[in-house]
Amino acid sequence: MVPLGWAGSTVGLILTGAISLHIRYRDLAGHIYGKRMYFITWALQFLNLFMFNTGYLILAGQALKAVYVLYRDDGALKLPYCIAIAGVVSALFAFGIPHLSALRIWLGFSTFFTLIYVIAALVLSIKDGTNASARDYSIPGSKMNRIFGIIGSMGTLVSLGNTGILPEIQATLRPPAIRNMEKALRLQFTAGMLPLYAVAFTGYWAYGSSTTIYLLNSVNGPVWVLTLANIAAFLQTIVSLHIFASPMYEYIDTRYGMDKGNAFSFHSLLFRVGVRGGYLAINTLVAALLPFLGDFMSLIGAFCSFPVTFVLANHMYLTAKKSKISVPQRAWHWLNVVGFSCLAVASAVAALRFIVLHSKTYNVFADL
């Protein structure tokens with residue numbers, strides 16, 4: 001879970017593609033299965049976005065607290081307070097960005113903030129790992145906890161890698177569609193995924209099983225470098241959160257609250273404050289109430305990424321093609337449907353179990 005701040009937006013195009021993916025995927029499910037499945041898919045997708053936003057607020061709160069601890073480790077500024085501050089900043093940002101196209105310059109800033117985080121985390125981790133003594137790479141906890149941890153990590157990996165298919169949506173905007181799609185996917189799984197795994201593996205190599213969920217809490221280095229990296233992580237999550245919330249913002253604003261041609265009229269601005277502020281208030285409350293970042297990412301994978309990305313996609317293909325595919329192809333897709341359904345259930349159980357255990361260990365609004 002250490003590279004979540006990076007994984008949220010590798011580049012602006014990947015994140016922006018989420019909007020098109022959600023709309024087209026939902027429409028396709030409705031076309032194949034009917035209106036009921038359209039709304040089920042809609043609910044799963046927006047639950048996915050809501051939980052991602054909750055994870056971003058937790059991450060932003062951890063980054064903000066890390067900055068405070070660098071200068072005053074007196075315990076006065078607790079994690080729930082930092083999450084609340086992150087929620088307020090996210091709301092102010094959401095009020096000032098009326099629609100997705102207004103994010104263009106901010107996507108560049110987001111990529112810049114990402115690079116700062118990745119470079120700082122990599123350099124400081126390598127320095128610590130080179131100078132460190134023997135590390136413990138064993139999986140801590142009882143046998144049962146280790147089993148559930150491995151199962152839960154599957155949901156985490158799926159949720160983090162779920163943006164891998166998003167560039168193809170952007171790539172199909174101009175011909176030749178297939179060639180551009182292939183180029184975009186190659187870029188995502190090379191230049192895109194390399195920093196993600198570099199940060200994750202380098203962090204584990206440097207600190208072993210003692211690595212914290214938020215990697216910058218483990219590294220050692222100049223205070224100004226750590227401050228810069230944490231602020232970059234904080235700001236990057238604000239932009240990423242807005243992108244993942246944009247499908248709901250765009251739909252509600254267009255349908256109910258936006259004056260045509262004037263996004264900053266009193267009515268439009270007041271509507272954004274009410275709707276977006278209310279949504280982020282709920283997000284912030286959930287994030288502060290249960291600030292277990294790793295568990296939330298596992299839950300996202302179990303409830304949303306597994307069903308929508310793997311189960312539904314394979315079943316839609318089977319339903320659409322029907323008798324047009326061979327027996328081996330049909331068997332392969334059914335294997336995916338059943339197998340990923342089982343993984344989704346197992347991962348959900350593991351994630352919920354860890355949330356319950358952590359809720360018993362820590363009070364609500366825990367200062368982790």
# chains A, B, ... in the order shown; residues from 1 in each chain; ligands from 1
$ residues_around --residues "region 133-146 of chain A" --least-positions-apart "6" --cutoff "9 Å" --atoms "only C-alpha atoms" --output "count of residues only"
8
$ closest_residue --among "A:Leu318, A:Cys304, A:Ala233, A:Leu280" --to "Tyr117 (chain A)" --atoms "only C-alpha atoms"
A:Ala233
$ residues_around --residues "region 326-341 of chain A" --least-positions-apart "2" --cutoff "9 Å" --atoms "only C-alpha atoms" --output "list in words"
Phe306, Pro307, Phe310, Val311, Leu312, Ala313, Asn314, His315, Tyr317, Leu318, Lys322, Ser323, Lys324, Leu343, Ala344, Val345 and Ala346 of chain A
$ write_last_selection --atoms "N, CA, C and O atoms" --output "mmCIF file, in the first residue's frame"
data_model
loop_
_atom_site.group_PDB
_atom_site.id
_atom_site.type_symbol
_atom_site.label_atom_id
_atom_site.label_comp_id
_atom_site.auth_asym_id
_atom_site.auth_seq_id
_atom_site.Cartn_x
_atom_site.Cartn_y
_atom_site.Cartn_z
ATOM 1 N N PHE A 306 -12.683 -6.552 -8.358
ATOM 2 C CA PHE A 306 -12.856 -7.942 -8.784
ATOM 3 C C PHE A 306 -14.166 -8.138 -9.560
ATOM 4 O O PHE A 306 -14.151 -8.652 -10.684
ATOM 5 N N PRO A 307 -15.321 -7.750 -8.997
ATOM 6 C CA PRO A 307 -16.580 -7.999 -9.713
ATOM 7 C C PRO A 307 -16.689 -7.262 -11.046
ATOM 8 O O PRO A 307 -17.087 -7.850 -12.057
ATOM 9 N N PHE A 310 -13.224 -8.100 -13.601
ATOM 10 C CA PHE A 310 -12.980 -9.476 -14.032
ATOM 11 C C PHE A 310 -14.258 -10.297 -14.205
ATOM 12 O O PHE A 310 -14.469 -10.905 -15.249
ATOM 13 N N VAL A 311 -15.094 -10.304 -13.195
ATOM 14 C CA VAL A 311 -16.286 -11.162 -13.252
ATOM 15 C C VAL A 311 -17.269 -10.654 -14.301
ATOM 16 O O VAL A 311 -17.681 -11.389 -15.209
ATOM 17 N N LEU A 312 -17.649 -9.389 -14.198
ATOM 18 C CA LEU A 312 -18.644 -8.838 -15.106
ATOM 19 C C LEU A 312 -18.146 -8.813 -16.548
ATOM 20 O O LEU A 312 -18.884 -9.125 -17.484
ATOM 21 N N ALA A 313 -16.876 -8.443 -16.744
ATOM 22 C CA ALA A 313 -16.330 -8.357 -18.102
ATOM 23 C C ALA A 313 -16.377 -9.709 -18.807
ATOM 24 O O ALA A 313 -16.781 -9.809 -19.978
ATOM 25 N N ASN A 314 -15.970 -10.763 -18.109
ATOM 26 C CA ASN A 314 -15.990 -12.098 -18.713
ATOM 27 C C ASN A 314 -17.413 -12.581 -18.963
ATOM 28 O O ASN A 314 -17.697 -13.194 -20.003
ATOM 29 N N HIS A 315 -18.309 -12.301 -18.019
ATOM 30 C CA HIS A 315 -19.683 -12.765 -18.184
ATOM 31 C C HIS A 315 -20.388 -11.997 -19.301
ATOM 32 O O HIS A 315 -21.209 -12.573 -20.050
ATOM 33 N N TYR A 317 -18.950 -10.907 -21.974
ATOM 34 C CA TYR A 317 -18.434 -11.489 -23.212
ATOM 35 C C TYR A 317 -19.158 -12.798 -23.530
ATOM 36 O O TYR A 317 -19.554 -13.045 -24.684
ATOM 37 N N LEU A 318 -19.358 -13.634 -22.516
ATOM 38 C CA LEU A 318 -20.084 -14.898 -22.712
ATOM 39 C C LEU A 318 -21.514 -14.649 -23.164
ATOM 40 O O LEU A 318 -22.033 -15.325 -24.058
ATOM 41 N N LYS A 322 -22.416 -15.716 -26.896
ATOM 42 C CA LYS A 322 -23.256 -16.912 -26.809
ATOM 43 C C LYS A 322 -22.628 -18.098 -27.529
ATOM 44 O O LYS A 322 -21.589 -18.579 -27.152
ATOM 45 N N SER A 323 -23.248 -18.556 -28.587
ATOM 46 C CA SER A 323 -22.771 -19.769 -29.270
ATOM 47 C C SER A 323 -21.669 -19.491 -30.289
ATOM 48 O O SER A 323 -21.211 -20.407 -30.969
ATOM 49 N N LYS A 324 -21.211 -18.242 -30.406
ATOM 50 C CA LYS A 324 -20.224 -17.881 -31.415
ATOM 51 C C LYS A 324 -18.795 -18.208 -30.996
ATOM 52 O O LYS A 324 -17.871 -18.054 -31.786
ATOM 53 N N LEU A 343 -12.392 -15.364 -5.426
ATOM 54 C CA LEU A 343 -11.362 -14.455 -4.904
ATOM 55 C C LEU A 343 -11.983 -13.192 -4.325
ATOM 56 O O LEU A 343 -11.513 -12.674 -3.300
ATOM 57 N N ALA A 344 -13.039 -12.693 -4.964
ATOM 58 C CA ALA A 344 -13.705 -11.490 -4.466
ATOM 59 C C ALA A 344 -14.310 -11.736 -3.092
ATOM 60 O O ALA A 344 -14.171 -10.917 -2.175
ATOM 61 N N VAL A 345 -14.985 -12.886 -2.941
ATOM 62 C CA VAL A 345 -15.594 -13.216 -1.649
ATOM 63 C C VAL A 345 -14.523 -13.397 -0.574
ATOM 64 O O VAL A 345 -14.628 -12.854 0.532
ATOM 65 N N ALA A 346 -13.472 -14.158 -0.896
ATOM 66 C CA ALA A 346 -12.403 -14.405 0.074
ATOM 67 C C ALA A 346 -11.699 -13.107 0.465
ATOM 68 O O ALA A 346 -11.401 -12.869 1.641
#
